[in-house]
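target09.txt (compact mmCIF, N, CA, C and O atoms)
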# COMPACT_ATOMS: atom_id res chain seq x y z
N ILE A 1 -17.86 11.33 -8.23
CA ILE A 1 -17.34 10.89 -6.94
C ILE A 1 -18.50 10.92 -5.95
O ILE A 1 -19.12 11.96 -5.76
N LEU A 2 -18.78 9.78 -5.39
CA LEU A 2 -19.85 9.66 -4.40
C LEU A 2 -19.24 9.36 -3.05
O LEU A 2 -18.44 8.44 -2.91
N ILE A 3 -19.59 10.15 -2.06
CA ILE A 3 -19.14 9.91 -0.70
C ILE A 3 -20.35 9.43 0.08
O ILE A 3 -21.29 10.17 0.30
N ASN A 4 -20.32 8.15 0.41
CA ASN A 4 -21.46 7.53 1.08
C ASN A 4 -21.30 7.58 2.59
O ASN A 4 -20.25 7.21 3.12
N GLY A 5 -22.37 7.98 3.25
CA GLY A 5 -22.43 7.86 4.70
C GLY A 5 -22.65 6.39 5.03
O GLY A 5 -23.51 5.72 4.45
N CYS A 6 -21.84 5.87 5.92
CA CYS A 6 -21.88 4.44 6.23
C CYS A 6 -23.24 3.99 6.74
O CYS A 6 -23.72 2.92 6.37
N PHE A 7 -23.87 4.79 7.59
CA PHE A 7 -25.19 4.42 8.10
C PHE A 7 -26.22 4.46 6.99
O PHE A 7 -26.95 3.49 6.77
N TRP A 8 -26.31 5.55 6.27
CA TRP A 8 -27.38 5.75 5.29
C TRP A 8 -27.30 4.80 4.11
O TRP A 8 -28.30 4.52 3.46
N HIS A 9 -26.10 4.31 3.80
CA HIS A 9 -25.93 3.45 2.63
C HIS A 9 -25.57 2.02 3.00
O HIS A 9 -25.19 1.23 2.15
N GLY A 10 -25.70 1.68 4.29
CA GLY A 10 -25.56 0.29 4.73
C GLY A 10 -24.19 -0.31 4.49
O GLY A 10 -24.10 -1.39 3.91
N HIS A 11 -23.13 0.35 4.94
CA HIS A 11 -21.77 -0.16 4.75
C HIS A 11 -21.54 -1.37 5.66
O HIS A 11 -21.26 -1.24 6.85
N LYS A 12 -21.64 -2.54 5.07
CA LYS A 12 -21.55 -3.79 5.83
C LYS A 12 -20.18 -3.94 6.48
O LYS A 12 -19.16 -3.67 5.88
N GLY A 13 -20.20 -4.39 7.74
CA GLY A 13 -18.97 -4.62 8.48
C GLY A 13 -18.35 -3.35 9.05
O GLY A 13 -17.28 -3.41 9.65
N CYS A 14 -19.00 -2.23 8.88
CA CYS A 14 -18.47 -0.95 9.34
C CYS A 14 -19.05 -0.60 10.71
O CYS A 14 -20.24 -0.78 10.95
N LYS A 15 -18.21 -0.06 11.57
CA LYS A 15 -18.67 0.29 12.92
C LYS A 15 -19.68 1.44 12.91
O LYS A 15 -20.41 1.64 13.88
N TYR A 16 -19.73 2.20 11.83
CA TYR A 16 -20.68 3.30 11.75
C TYR A 16 -22.06 2.87 11.24
O TYR A 16 -22.99 3.65 11.24
N PHE A 17 -22.15 1.64 10.78
CA PHE A 17 -23.43 1.11 10.31
C PHE A 17 -24.01 0.18 11.37
O PHE A 17 -23.62 -0.98 11.48
N VAL A 18 -24.91 0.72 12.17
CA VAL A 18 -25.59 -0.05 13.20
C VAL A 18 -27.08 0.22 13.04
O VAL A 18 -27.50 1.38 13.02
N VAL A 19 -27.85 -0.83 12.90
CA VAL A 19 -29.30 -0.67 12.77
C VAL A 19 -29.85 -0.21 14.12
O VAL A 19 -29.57 -0.83 15.15
N PRO A 20 -30.61 0.87 14.13
CA PRO A 20 -31.18 1.36 15.39
C PRO A 20 -32.07 0.32 16.06
O PRO A 20 -32.70 -0.50 15.40
N LYS A 21 -32.13 0.39 17.36
CA LYS A 21 -32.94 -0.56 18.14
C LYS A 21 -34.42 -0.18 18.15
O LYS A 21 -35.26 -0.99 18.50
N THR A 22 -34.73 1.06 17.78
CA THR A 22 -36.13 1.47 17.68
C THR A 22 -36.49 1.66 16.22
O THR A 22 -35.65 2.02 15.40
N ARG A 23 -37.75 1.36 15.91
CA ARG A 23 -38.25 1.46 14.53
C ARG A 23 -37.36 0.69 13.55
O ARG A 23 -37.09 1.13 12.44
N THR A 24 -36.91 -0.46 13.99
CA THR A 24 -35.96 -1.26 13.23
C THR A 24 -36.45 -1.57 11.82
O THR A 24 -35.70 -1.44 10.85
N ASP A 25 -37.72 -1.98 11.70
CA ASP A 25 -38.25 -2.31 10.37
C ASP A 25 -38.17 -1.12 9.43
O ASP A 25 -37.80 -1.26 8.26
N PHE A 26 -38.53 0.06 9.94
CA PHE A 26 -38.46 1.27 9.12
C PHE A 26 -37.04 1.51 8.62
O PHE A 26 -36.81 1.76 7.44
N TRP A 27 -36.06 1.43 9.54
CA TRP A 27 -34.68 1.74 9.17
C TRP A 27 -34.10 0.70 8.23
O TRP A 27 -33.38 1.04 7.28
N VAL A 28 -34.38 -0.56 8.45
CA VAL A 28 -33.88 -1.62 7.56
C VAL A 28 -34.45 -1.40 6.15
O VAL A 28 -33.71 -1.48 5.16
N ASN A 29 -35.74 -1.10 6.06
CA ASN A 29 -36.35 -0.84 4.76
C ASN A 29 -35.73 0.39 4.10
O ASN A 29 -35.40 0.38 2.91
N LYS A 30 -35.54 1.46 4.85
CA LYS A 30 -34.96 2.69 4.33
C LYS A 30 -33.56 2.46 3.79
O LYS A 30 -33.22 2.87 2.68
N ILE A 31 -32.73 1.80 4.57
CA ILE A 31 -31.34 1.56 4.17
C ILE A 31 -31.28 0.61 2.99
O ILE A 31 -30.51 0.83 2.03
N ASN A 32 -32.09 -0.45 2.99
CA ASN A 32 -32.11 -1.37 1.85
C ASN A 32 -32.57 -0.68 0.58
O ASN A 32 -32.07 -0.97 -0.51
N THR A 33 -33.52 0.24 0.70
CA THR A 33 -33.96 1.02 -0.47
C THR A 33 -32.82 1.91 -0.97
O THR A 33 -32.61 2.03 -2.18
N ASN A 34 -32.08 2.51 -0.06
CA ASN A 34 -30.93 3.32 -0.46
C ASN A 34 -29.90 2.49 -1.22
O ASN A 34 -29.37 2.92 -2.25
N ILE A 35 -29.62 1.28 -0.72
CA ILE A 35 -28.66 0.39 -1.37
C ILE A 35 -29.14 0.03 -2.77
O ILE A 35 -28.37 0.06 -3.74
N LYS A 36 -30.43 -0.31 -2.89
CA LYS A 36 -30.99 -0.66 -4.19
C LYS A 36 -30.90 0.54 -5.15
O LYS A 36 -30.52 0.39 -6.31
N ASN A 37 -31.24 1.72 -4.66
CA ASN A 37 -31.16 2.92 -5.49
C ASN A 37 -29.72 3.23 -5.90
O ASN A 37 -29.47 3.68 -7.03
N ASP A 38 -28.78 3.01 -4.99
CA ASP A 38 -27.36 3.22 -5.33
C ASP A 38 -26.96 2.34 -6.50
O ASP A 38 -26.34 2.82 -7.46
N LYS A 39 -27.29 1.06 -6.44
CA LYS A 39 -26.94 0.14 -7.52
C LYS A 39 -27.56 0.57 -8.84
O LYS A 39 -26.90 0.58 -9.88
N LYS A 40 -28.84 0.94 -8.79
CA LYS A 40 -29.52 1.38 -10.00
C LYS A 40 -28.87 2.64 -10.57
O LYS A 40 -28.57 2.72 -11.76
N ASN A 41 -28.62 3.60 -9.70
CA ASN A 41 -28.05 4.86 -10.16
C ASN A 41 -26.62 4.71 -10.67
O ASN A 41 -26.24 5.35 -11.65
N HIS A 42 -25.83 3.84 -10.03
CA HIS A 42 -24.48 3.59 -10.52
C HIS A 42 -24.54 3.00 -11.93
O HIS A 42 -23.77 3.40 -12.80
N GLY A 43 -25.46 2.07 -12.13
CA GLY A 43 -25.62 1.46 -13.46
C GLY A 43 -26.03 2.49 -14.50
O GLY A 43 -25.49 2.49 -15.61
N LEU A 44 -26.96 3.36 -14.15
CA LEU A 44 -27.39 4.40 -15.09
C LEU A 44 -26.25 5.36 -15.42
O LEU A 44 -26.07 5.73 -16.59
N LEU A 45 -25.50 5.75 -14.43
CA LEU A 45 -24.37 6.65 -14.67
C LEU A 45 -23.33 6.00 -15.58
O LEU A 45 -22.82 6.64 -16.51
N LYS A 46 -23.04 4.73 -15.34
CA LYS A 46 -22.07 4.02 -16.18
C LYS A 46 -22.56 3.90 -17.61
O LYS A 46 -21.78 4.06 -18.55
N LYS A 47 -23.85 3.63 -17.80
CA LYS A 47 -24.42 3.55 -19.15
C LYS A 47 -24.29 4.88 -19.89
O LYS A 47 -24.18 4.91 -21.10
N MET A 48 -24.30 5.98 -19.13
CA MET A 48 -24.18 7.30 -19.73
C MET A 48 -22.71 7.68 -19.96
O MET A 48 -22.41 8.77 -20.43
N GLY A 49 -21.81 6.77 -19.62
CA GLY A 49 -20.40 7.00 -19.86
C GLY A 49 -19.62 7.59 -18.70
O GLY A 49 -18.44 7.92 -18.84
N TRP A 50 -20.25 7.70 -17.55
CA TRP A 50 -19.57 8.24 -16.38
C TRP A 50 -18.80 7.16 -15.65
O TRP A 50 -19.23 6.01 -15.60
N LYS A 51 -17.69 7.52 -15.07
CA LYS A 51 -16.96 6.62 -14.18
C LYS A 51 -17.45 6.91 -12.77
O LYS A 51 -17.47 8.07 -12.35
N VAL A 52 -17.84 5.90 -12.04
CA VAL A 52 -18.37 6.06 -10.69
C VAL A 52 -17.28 5.67 -9.69
O VAL A 52 -16.76 4.57 -9.73
N VAL A 53 -16.95 6.61 -8.82
CA VAL A 53 -15.98 6.36 -7.76
C VAL A 53 -16.71 6.57 -6.43
O VAL A 53 -17.26 7.63 -6.18
N VAL A 54 -16.72 5.52 -5.61
CA VAL A 54 -17.41 5.58 -4.31
C VAL A 54 -16.37 5.58 -3.20
O VAL A 54 -15.45 4.77 -3.19
N CYS A 55 -16.55 6.50 -2.28
CA CYS A 55 -15.71 6.57 -1.10
C CYS A 55 -16.65 6.52 0.11
O CYS A 55 -17.72 7.13 0.09
N TRP A 56 -16.24 5.81 1.14
CA TRP A 56 -17.06 5.67 2.34
C TRP A 56 -16.62 6.62 3.44
O TRP A 56 -15.43 6.92 3.59
N GLU A 57 -17.59 7.06 4.21
CA GLU A 57 -17.37 7.95 5.35
C GLU A 57 -16.25 7.45 6.25
O GLU A 57 -15.36 8.21 6.65
N CYS A 58 -16.27 6.16 6.58
CA CYS A 58 -15.28 5.60 7.50
C CYS A 58 -13.87 5.66 6.92
O CYS A 58 -12.90 5.83 7.66
N GLN A 59 -13.75 5.54 5.59
CA GLN A 59 -12.44 5.63 4.96
C GLN A 59 -11.87 7.03 5.11
O GLN A 59 -10.68 7.20 5.36
N LEU A 60 -12.73 8.03 4.95
CA LEU A 60 -12.29 9.40 5.11
C LEU A 60 -11.92 9.71 6.55
O LEU A 60 -10.96 10.44 6.82
N LYS A 61 -12.69 9.17 7.48
CA LYS A 61 -12.39 9.41 8.90
C LYS A 61 -11.07 8.76 9.30
O LYS A 61 -10.33 9.30 10.12
N LYS A 62 -10.78 7.59 8.73
CA LYS A 62 -9.59 6.85 9.10
C LYS A 62 -8.32 7.53 8.58
O LYS A 62 -7.35 7.71 9.31
N ASP A 63 -8.32 7.88 7.30
CA ASP A 63 -7.12 8.47 6.69
C ASP A 63 -7.54 9.32 5.49
O ASP A 63 -7.50 8.87 4.35
N PHE A 64 -7.95 10.54 5.78
CA PHE A 64 -8.50 11.43 4.76
C PHE A 64 -7.54 11.62 3.60
O PHE A 64 -7.93 11.46 2.43
N ASN A 65 -6.30 11.96 3.89
CA ASN A 65 -5.35 12.26 2.81
C ASN A 65 -5.12 11.05 1.90
O ASN A 65 -5.04 11.19 0.68
N ARG A 66 -5.01 9.87 2.49
CA ARG A 66 -4.81 8.66 1.67
C ARG A 66 -6.02 8.39 0.80
O ARG A 66 -5.90 7.98 -0.34
N GLN A 67 -7.21 8.62 1.31
CA GLN A 67 -8.42 8.40 0.52
C GLN A 67 -8.50 9.37 -0.65
O GLN A 67 -8.92 8.99 -1.74
N ILE A 68 -8.10 10.60 -0.43
CA ILE A 68 -8.08 11.56 -1.54
C ILE A 68 -7.09 11.11 -2.60
O ILE A 68 -7.38 11.18 -3.80
N GLU A 69 -5.94 10.60 -2.18
CA GLU A 69 -4.96 10.07 -3.14
C GLU A 69 -5.55 8.91 -3.94
O GLU A 69 -5.36 8.82 -5.15
N LYS A 70 -6.27 8.01 -3.25
CA LYS A 70 -6.89 6.87 -3.95
C LYS A 70 -7.93 7.33 -4.96
O LYS A 70 -8.02 6.79 -6.06
N ILE A 71 -8.71 8.34 -4.59
CA ILE A 71 -9.71 8.88 -5.51
C ILE A 71 -9.01 9.47 -6.73
O ILE A 71 -9.42 9.23 -7.87
N GLU A 72 -7.96 10.23 -6.49
CA GLU A 72 -7.20 10.82 -7.61
C GLU A 72 -6.65 9.74 -8.53
O GLU A 72 -6.71 9.86 -9.75
N GLU A 73 -6.12 8.67 -7.94
CA GLU A 73 -5.59 7.56 -8.75
C GLU A 73 -6.68 6.95 -9.61
O GLU A 73 -6.47 6.67 -10.79
N LYS A 74 -7.85 6.75 -9.03
CA LYS A 74 -8.96 6.15 -9.78
C LYS A 74 -9.41 7.05 -10.92
O LYS A 74 -9.82 6.58 -11.97
N ILE A 75 -9.36 8.35 -10.70
CA ILE A 75 -9.80 9.29 -11.72
C ILE A 75 -8.77 9.43 -12.82
O ILE A 75 -9.08 9.35 -14.01
N PHE A 76 -7.52 9.66 -12.44
CA PHE A 76 -6.51 10.05 -13.43
C PHE A 76 -5.74 8.88 -14.02
O PHE A 76 -5.20 9.01 -15.12
N LEU A 77 -5.69 7.76 -13.35
CA LEU A 77 -4.91 6.62 -13.86
C LEU A 77 -5.78 5.58 -14.55
O LEU A 77 -5.26 4.65 -15.13
N ALA A 78 -7.07 5.74 -14.46
CA ALA A 78 -7.94 4.71 -15.07
C ALA A 78 -8.21 5.01 -16.52
O ALA A 78 -8.08 6.03 -17.05

Starting from the file, give its structure as structure tokens.
Amino acid sequence: ILINGCFWHGHKGCKYFVVPKTRTDFWVNKINTNIKNDKKNHGLLKKMGWKVVVCWECQLKKDFNRQIEKIEEKIFLA
């Protein structure tokens, strides 16, 4: 179970993901590298037989209990 911070992992369309107005190039590169690493690592975990469940920070903030239920469903019903 991976809980991604919306800013650090570039959650598109999310109000918590806003590129800073200072050092913009640095932050865009940092976040894009995180996204690329996430994809690579998810693929490696799946190849090793792991099920990857990703939950976003904003989802937990909006309705924590419902998100926990969704995670449980993905784990136990899949």

- Local residues around (-16.6, 9.6, -0.1), at most 8 Å away, using all atoms listed in the file, as a ChimeraX atom specification: /A:1-5,53-60,67

- Message: At a cut-off of 7 Å, using all atoms listed in the file, what residues contact stretch 23-31 of chain A? Leave out same-chain residues fewer than 6 positions from it and give the result as number ranges by chain.
- Response: A: 7-10, 37

- Query: Which parts of chain A does DSSP call helix (DSSP H, G or I) when run on the backbone here, written out as a PyMOL selection string?
  - Reply: chain A and resi 24-47+57-62+64-76

- Task: Take atom O of A:Cys14 and atom O of A:Asp38 and report the distance between them in Å, one decimal.
- Result: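 Going from atom O of A:Cys14 over to atom O of A:Asp38, I get 19.7 Å.
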
- Query: What are the DSSP strand (DSSP E or B) residues of chain A, as a ChimeraX atom specification?
  - Reply: /A:2-4,54-56
